[in-house]
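A.B. asks: I'm passing along my_file_36.csv; it holds CSV, C-alpha atoms.
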chain,number,residue,atom,x,y,z
A,1,ASN,CA,147.6,75.5,35.6
A,2,SER,CA,151.3,75.5,35.1
A,3,ASN,CA,154.0,75.2,37.7
A,4,THR,CA,154.7,78.7,38.9
A,5,SER,CA,158.4,79.6,39.5
A,6,SER,CA,159.9,82.9,40.4
A,7,SER,CA,162.8,84.6,42.0
A,8,ASN,CA,162.1,85.4,45.6
A,9,PRO,CA,161.0,89.1,45.8
A,10,THR,CA,162.2,89.2,49.5
A,11,SER,CA,165.6,87.8,48.9
A,12,SER,CA,167.4,91.0,49.9
A,13,TYR,CA,166.2,90.7,53.5
A,14,VAL,CA,167.0,87.9,55.9
A,15,ALA,CA,164.5,87.5,58.8
A,16,HIS,CA,165.5,86.7,62.4
A,17,HIS,CA,162.8,86.3,65.0
A,18,ASP,CA,163.3,88.6,68.0
A,19,GLN,CA,160.8,88.4,70.9
A,20,ARG,CA,161.0,91.5,73.2
A,21,GLU,CA,159.6,91.1,76.7
A,22,HIS,CA,158.3,94.6,76.9
A,23,HIS,CA,156.3,94.3,73.7
A,24,HIS,CA,154.0,91.4,74.5
A,25,SER,CA,150.9,93.4,73.5
A,26,LEU,CA,152.3,94.2,70.1
A,27,PRO,CA,152.8,92.1,67.0
A,28,GLU,CA,156.2,90.2,66.9
A,29,TYR,CA,159.3,92.0,65.6
A,30,HIS,CA,161.5,90.5,63.0
A,31,HIS,CA,165.0,91.8,62.1
A,32,PHE,CA,165.9,92.1,58.5
A,33,ASP,CA,169.6,92.5,57.6
A,34,ASP,CA,169.8,95.0,54.8
A,35,PRO,CA,173.2,94.6,52.9
A,36,ALA,CA,173.1,98.3,52.1
A,37,ASP,CA,173.0,99.3,55.8
A,38,GLU,CA,175.5,98.6,58.6
A,39,GLU,CA,172.7,98.6,61.2
A,40,ASN,CA,169.9,96.1,61.4
A,41,GLU,CA,166.5,97.5,60.5
A,42,VAL,CA,163.3,96.2,62.1
A,43,TYR,CA,160.4,95.2,60.0
A,44,LEU,CA,157.1,94.6,61.8
A,45,VAL,CA,155.0,91.7,60.7
A,46,LYS,CA,151.9,90.1,62.2
A,47,GLN,CA,153.0,86.6,62.9
A,48,LYS,CA,156.1,84.4,63.2
A,49,HIS,CA,155.2,81.7,60.6
A,50,GLY,CA,153.1,81.3,57.5
A,51,TYR,CA,150.9,78.6,59.0
A,52,LEU,CA,148.4,78.2,56.2
A,53,SER,CA,151.1,78.3,53.6
A,54,ILE,CA,152.6,75.3,55.3
A,55,ILE,CA,149.3,73.5,55.8
A,56,PHE,CA,148.2,74.0,52.2
A,57,SER,CA,151.6,72.9,50.8
A,58,ALA,CA,151.7,69.8,52.9
A,59,THR,CA,148.1,68.8,52.1
A,60,GLN,CA,148.7,69.3,48.3
A,61,THR,CA,151.8,67.1,48.5
A,62,ILE,CA,149.9,64.3,50.4
A,63,ILE,CA,147.0,64.4,47.9
A,64,LEU,CA,149.3,64.1,44.9
A,65,GLY,CA,151.1,61.2,46.5
A,66,VAL,CA,147.8,59.4,47.2
A,67,MET,CA,146.6,60.1,43.6
A,68,MET,CA,149.8,58.6,42.1
A,69,MET,CA,149.6,55.5,44.4
A,70,GLN,CA,145.9,55.0,43.5
A,71,CYS,CA,146.0,55.9,39.8
A,72,GLY,CA,149.5,55.1,38.8
A,73,ILE,CA,152.1,57.2,37.1
A,74,ALA,CA,151.4,58.1,33.4
A,75,PRO,CA,154.1,57.9,30.7
A,76,MET,CA,156.0,61.1,30.1
A,77,ASN,CA,154.5,61.5,26.7
A,78,MET,CA,151.0,61.5,28.3
A,79,ASN,CA,151.9,63.6,31.4
A,80,PRO,CA,155.2,65.5,31.2
A,81,MET,CA,154.8,66.7,34.7
A,82,PHE,CA,155.5,63.2,36.1
A,83,GLY,CA,152.2,62.5,37.6
A,84,PRO,CA,148.9,60.5,37.4
A,85,TYR,CA,146.9,59.8,34.2
A,86,PRO,CA,144.9,62.9,33.0
A,87,ASP,CA,141.6,61.2,33.7
A,88,ALA,CA,142.4,61.1,37.4
A,89,LEU,CA,142.6,64.9,37.5
A,90,SER,CA,138.9,65.4,36.7
A,91,TYR,CA,137.9,62.5,38.9
A,92,TRP,CA,139.6,64.0,41.9
A,93,GLY,CA,138.1,67.4,41.4
A,94,GLY,CA,139.8,69.3,38.6
A,95,LYS,CA,138.1,72.3,37.0
A,96,ASN,CA,135.6,70.7,34.6
A,97,SER,CA,133.3,73.3,33.0
A,98,TYR,CA,130.6,70.8,32.0
A,99,LEU,CA,130.4,69.3,35.5
A,100,ILE,CA,130.3,72.8,37.1
A,101,LEU,CA,127.7,74.3,34.8
A,102,GLU,CA,125.5,71.3,33.9
A,103,GLU,CA,125.8,69.1,37.0
A,104,GLY,CA,126.0,71.9,39.6
A,105,GLU,CA,129.4,70.8,41.0
A,106,ASN,CA,130.3,74.3,42.1
A,107,TRP,CA,132.9,73.0,44.6
A,108,ARG,CA,135.1,72.4,41.6
A,109,LEU,CA,135.7,76.2,41.6
A,110,LEU,CA,137.9,75.7,44.7
A,111,SER,CA,139.1,72.1,44.6
A,112,PRO,CA,141.6,72.4,41.7
A,113,ILE,CA,144.0,74.3,44.0
A,114,MET,CA,144.5,71.1,46.1
A,115,LEU,CA,145.5,69.1,43.0
A,116,HIS,CA,148.5,69.1,40.8
A,117,ALA,CA,149.3,67.5,37.5
A,118,GLY,CA,152.6,66.0,38.7
A,119,VAL,CA,155.7,66.3,40.8
A,120,ILE,CA,157.2,69.0,38.7
A,121,HIS,CA,154.0,71.1,38.8
A,122,LEU,CA,153.7,70.6,42.6
A,123,LEU,CA,157.3,71.5,43.3
A,124,GLY,CA,157.1,74.8,41.4
A,125,ASN,CA,153.9,75.9,43.2
A,126,VAL,CA,154.9,74.7,46.6
A,127,ALA,CA,158.3,76.4,46.4
A,128,VAL,CA,156.7,79.8,45.8
A,129,GLN,CA,154.0,79.2,48.5
A,130,MET,CA,156.6,78.2,51.1
A,131,GLU,CA,158.9,81.2,50.4
A,132,THR,CA,157.1,84.3,49.0
A,133,GLY,CA,153.6,83.1,49.9
A,134,ALA,CA,154.6,82.4,53.5
A,135,PHE,CA,156.2,85.8,53.8
A,136,PHE,CA,153.1,87.5,52.6
A,137,GLU,CA,151.1,85.6,55.2
A,138,ARG,CA,153.4,86.7,58.0
A,139,GLU,CA,152.9,90.3,56.8
A,140,TRP,CA,149.1,90.3,56.3
A,141,GLY,CA,148.0,87.7,58.9
A,142,SER,CA,146.5,84.3,58.1
A,143,LEU,CA,142.9,85.5,57.7
A,144,VAL,CA,143.7,88.1,55.0
A,145,TRP,CA,146.0,85.6,53.3
A,146,LEU,CA,143.3,83.0,53.2
A,147,ILE,CA,140.6,85.3,51.8
A,148,ILE,CA,143.0,86.3,49.0
A,149,TYR,CA,144.1,82.7,48.3
A,150,LEU,CA,140.6,81.3,48.1
A,151,THR,CA,139.0,84.2,46.2
A,152,SER,CA,141.9,84.1,43.7
A,153,ALA,CA,141.2,80.4,43.2
A,154,ILE,CA,137.6,81.1,42.3
A,155,GLY,CA,138.6,83.9,40.0
A,156,SER,CA,141.1,81.6,38.4
A,157,SER,CA,138.5,78.9,37.7
A,158,VAL,CA,135.9,81.3,36.5
A,159,LEU,CA,138.1,82.9,33.8
A,160,SER,CA,139.4,79.5,32.8
A,161,MET,CA,135.8,78.4,32.3
A,162,ILE,CA,135.2,81.4,30.0
A,163,PHE,CA,138.2,81.2,27.8
A,164,MET,CA,139.3,77.5,28.1
A,165,PRO,CA,136.0,75.6,28.7
A,166,GLN,CA,137.3,72.4,27.2
A,167,SER,CA,140.3,72.0,29.5
A,168,VAL,CA,140.5,70.2,32.8
A,169,SER,CA,142.7,72.4,35.0
A,170,VAL,CA,144.4,71.8,38.3
A,171,GLY,CA,147.0,73.5,40.4
A,172,SER,CA,147.4,76.4,42.9
A,173,SER,CA,149.2,78.7,40.6
A,174,GLY,CA,146.1,80.8,40.1
A,175,SER,CA,146.0,81.4,43.8
A,176,VAL,CA,149.7,82.1,43.9
A,177,MET,CA,149.2,84.7,41.1
A,178,GLY,CA,146.4,86.1,43.3
A,179,LEU,CA,148.9,86.6,46.1
A,180,PHE,CA,151.1,88.5,43.7
A,181,GLY,CA,148.2,90.6,42.6
A,182,ALA,CA,147.3,91.4,46.2
A,183,LYS,CA,150.8,92.5,46.9
A,184,LEU,CA,150.7,94.9,44.0
A,185,ALA,CA,147.4,96.1,45.3
A,186,GLU,CA,148.9,96.7,48.8
A,187,VAL,CA,151.8,98.7,47.3
A,188,ALA,CA,149.3,100.8,45.3
A,189,CYS,CA,147.1,101.4,48.3
A,190,LYS,CA,149.9,102.3,50.7
A,191,TYR,CA,152.1,104.2,48.3
A,192,CYS,CA,150.9,107.6,49.3
A,193,ASP,CA,150.5,106.6,53.0
A,194,LYS,CA,152.3,109.2,55.2
A,195,ILE,CA,155.5,107.9,56.7
A,196,LYS,CA,155.8,109.1,60.3
A,197,THR,CA,157.8,106.5,62.1
A,198,GLN,CA,160.9,104.3,61.5
A,199,ASP,CA,158.7,101.2,61.3
A,200,GLN,CA,156.7,102.8,58.6
A,201,HIS,CA,159.8,103.8,56.7
A,202,VAL,CA,161.2,100.3,56.8
A,203,ALA,CA,157.8,98.8,55.8
A,204,HIS,CA,157.6,101.2,52.8
A,205,LYS,CA,161.1,100.3,51.8
A,206,VAL,CA,160.4,96.5,52.0
A,207,ARG,CA,157.2,96.9,50.0
A,208,MET,CA,158.8,98.8,47.2
A,209,GLU,CA,161.6,96.3,46.9
A,210,MET,CA,159.2,93.4,46.9
A,211,CYS,CA,157.0,95.2,44.2
A,212,GLY,CA,159.8,94.9,41.7
A,213,GLY,CA,160.3,91.2,42.3
A,214,VAL,CA,156.6,90.5,42.2
A,215,PHE,CA,156.2,92.4,39.0
A,216,CYS,CA,159.0,90.4,37.3
A,217,SER,CA,157.5,87.2,38.6
A,218,VAL,CA,154.1,88.0,37.2
A,219,VAL,CA,155.6,88.9,33.8
A,220,ILE,CA,157.6,85.6,33.7
A,221,VAL,CA,154.6,83.5,34.7
A,222,MET,CA,152.3,85.1,32.1
A,223,LEU,CA,154.9,84.6,29.4
A,224,PHE,CA,155.2,80.9,30.2
A,225,SER,CA,151.4,80.7,30.4
A,226,PHE,CA,151.1,80.5,26.6
A,227,ILE,CA,153.1,77.3,26.1
A,228,PRO,CA,151.0,74.1,25.4
A,229,PHE,CA,149.1,72.4,28.2
A,230,VAL,CA,149.2,75.6,30.4
A,231,ASP,CA,146.0,77.4,31.4
A,232,TRP,CA,146.8,81.0,30.8
A,233,ALA,CA,143.3,82.1,31.7
A,234,ALA,CA,143.6,80.6,35.2
A,235,HIS,CA,146.8,82.5,35.8
A,236,LEU,CA,145.2,85.8,34.6
A,237,GLY,CA,142.0,85.2,36.5
A,238,GLY,CA,143.8,84.6,39.8
A,239,LEU,CA,146.0,87.7,39.2
A,240,ILE,CA,142.9,89.9,38.6
A,241,ALA,CA,140.9,88.5,41.5
A,242,GLY,CA,143.8,88.9,43.9
A,243,PHE,CA,144.4,92.5,42.8
A,244,VAL,CA,140.7,93.4,43.2
A,245,VAL,CA,140.3,91.7,46.6
A,246,GLY,CA,143.6,93.1,47.7
A,247,MET,CA,142.5,96.6,46.8
A,248,VAL,CA,139.3,96.2,48.9
A,249,LEU,CA,141.1,94.7,51.9
A,250,PHE,CA,144.0,97.0,52.1
A,251,ALA,CA,141.9,100.1,51.4
A,252,LEU,CA,139.6,99.1,54.3
A,253,GLN,CA,142.7,98.7,56.5
A,254,LEU,CA,143.9,102.2,55.6
A,255,ARG,CA,140.4,103.6,56.2
A,256,SER,CA,140.2,102.0,59.7
A,257,LYS,CA,143.4,103.9,60.6
A,258,LEU,CA,141.9,107.3,59.7
Show me, as structure tokens, the structure contained in the file I just sent.
C.D. replies:
Amino acid sequence: NSNTSSSNPTSSYVAHHDQREHHHSLPEYHHFDDPADEENEVYLVKQKHGYLSIIFSATQTIILGVMMMQCGIAPMNMNPMFGPYPDALSYWGGKNSYLILEEGENWRLLSPIMLHAGVIHLLGNVAVQMETGAFFEREWGSLVWLIIYLTSAIGSSVLSMIFMPQSVSVGSSGSVMGLFGAKLAEVACKYCDKIKTQDQHVAHKVRMEMCGGVFCSVVIVMLFSFIPFVDWAAHLGGLIAGFVVGMVLFALQLRSKL
């Protein structure tokens, strides 16, 4: 997988945590300053922090550090991402089609998201996870975020095995693309949802603004997916898996409200 970089789809809003004593039984409120409005609007999200986004990013960083200490740093002409020698990527759990299909190492469908080819690769993915990914986790809740993140990882590996079976792939960019796909699914599911309250109006407004940013990010990532050494199939597989799983999860949420 390549490093995934994008502009922040939520950059037009600045969040400030605001705990209200008379709303202990409700999800926390967060203020978002909209430059277009003089008054602050309140956007309701499920939790204060993106806990899993932080945990995954920290763990991925530690693993790359250990890999580089144990395996050494490869020359730039061998690994332009400033990371370990390529052989270490498969040894540590990269997507290896032969080992998955012939040796039954199915855990390799998930393990690549914990590995990165180098520092440049890691910084690109972690930057998106800690910004946009963490914001999505605060909106959806950690459980929904985790389901989308992991199933997108599997979808990423499966499509990569089909279209790029000879490559050893690592990186969480397939899962990041899955988060983008799930956000597009959420917008599609809730687009026709009836807006009855101010909270719903603000939520609809935020989703529509994020949709444009996410769409642009997806287009940029997919365009960069066709340069050498980048696994375009992993990006596309994550995007498709995230969209499909997102449609199921958010459709079930809407149905439960009926």
A.B. asks: Using CA of Phe135 (chain A) and CA of Val45 (chain A) as the two end points, give the distance in Å to one decimal.
C.D. replies: 9.2 Å
A.B. asks: Rounded to one decimal place, report the CA of Val187 (chain A)-CA of Met247 (chain A) distance in Å.
C.D. replies: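 Interatomic distance here is 9.5 Å.
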A.B. asks: Between A:Ala134, A:Ile148, A:Ser160, A:Ser142, single out the one closest to Pro112 (chain A), counting only C-alpha atoms.
C.D. replies: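 Of all the options, A:Ser160 lies closest to Pro112 (chain A).
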A.B. asks: Using only C-alpha atoms for the distances, tell me which of A:Met78, A:Leu143, A:Met161, A:Ile154 is nearest to Leu99 (chain A).
C.D. replies: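 Closest to Leu99 (chain A), using only C-alpha atoms: A:Met161.
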A.B. asks: With distances taken over all atoms listed in the file, which of A:Met67, A:Ala241, A:Ala251, A:Ile100 is nearest to Tyr191 (chain A)?
C.D. replies: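 Under the stated criterion, the closest residue is A:Ala251.
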A.B. asks: Can you list, as a PDB file with C-alpha atoms, in the coordinates of the input, every protein, DNA or RNA residue that comes within 7 Å of Lys95 (chain A) when you count all atoms listed in the file, leaving out same-chain residues fewer than 2 positions away?
C.D. replies:
ATOM      1  CA  SER A  90     138.900  65.400  36.700  1.00  0.00           C
ATOM      2  CA  GLY A  93     138.100  67.400  41.400  1.00  0.00           C
ATOM      3  CA  SER A  97     133.300  73.300  33.000  1.00  0.00           C
ATOM      4  CA  ARG A 108     135.100  72.400  41.600  1.00  0.00           C
ATOM      5  CA  LEU A 109     135.700  76.200  41.600  1.00  0.00           C
ATOM      6  CA  PRO A 112     141.600  72.400  41.700  1.00  0.00           C
ATOM      7  CA  SER A 157     138.500  78.900  37.700  1.00  0.00           C
ATOM      8  CA  VAL A 168     140.500  70.200  32.800  1.00  0.00           C
ATOM      9  CA  SER A 169     142.700  72.400  35.000  1.00  0.00           C
ATOM     10  CA  VAL A 170     144.400  71.800  38.300  1.00  0.00           C
TER      11      VAL A 170
END
A.B. asks: Which residues come within 9 Å of Pro84 (chain A), counting only C-alpha atoms, excluding same-chain residues fewer than 2 positions away, as a list in words?
C.D. replies: Leu64, Met67, Met68, Met69, Gln70, Cys71, Gly72, Ile73, Ala74, Pro75, Asn79, Met81, Phe82, Pro86, Asp87, Ala88, Leu89, Ala117 and Gly118 of chain A
A.B. asks: Any idea what the distance is between CA of Ser225 (chain A) and CA of Arg138 (chain A)?
C.D. replies: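 That distance, rounded to one decimal, is 28.3 Å.
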A.B. asks: Within 8 Å of Phe215 (chain A), counting all atoms listed in the file, which residues qualify if same-chain residues fewer than 3 places away don't, as a PyMOL selection string?
C.D. replies: chain A and resi 180+184+211-212+218-219
A.B. asks: Could you check which of A:Phe56, A:Phe163, A:Trp140, A:Tyr149 is closest to Met114 (chain A), using all atoms listed in the file?
C.D. replies: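 Smallest separation from Met114 (chain A) among the options: A:Phe56.
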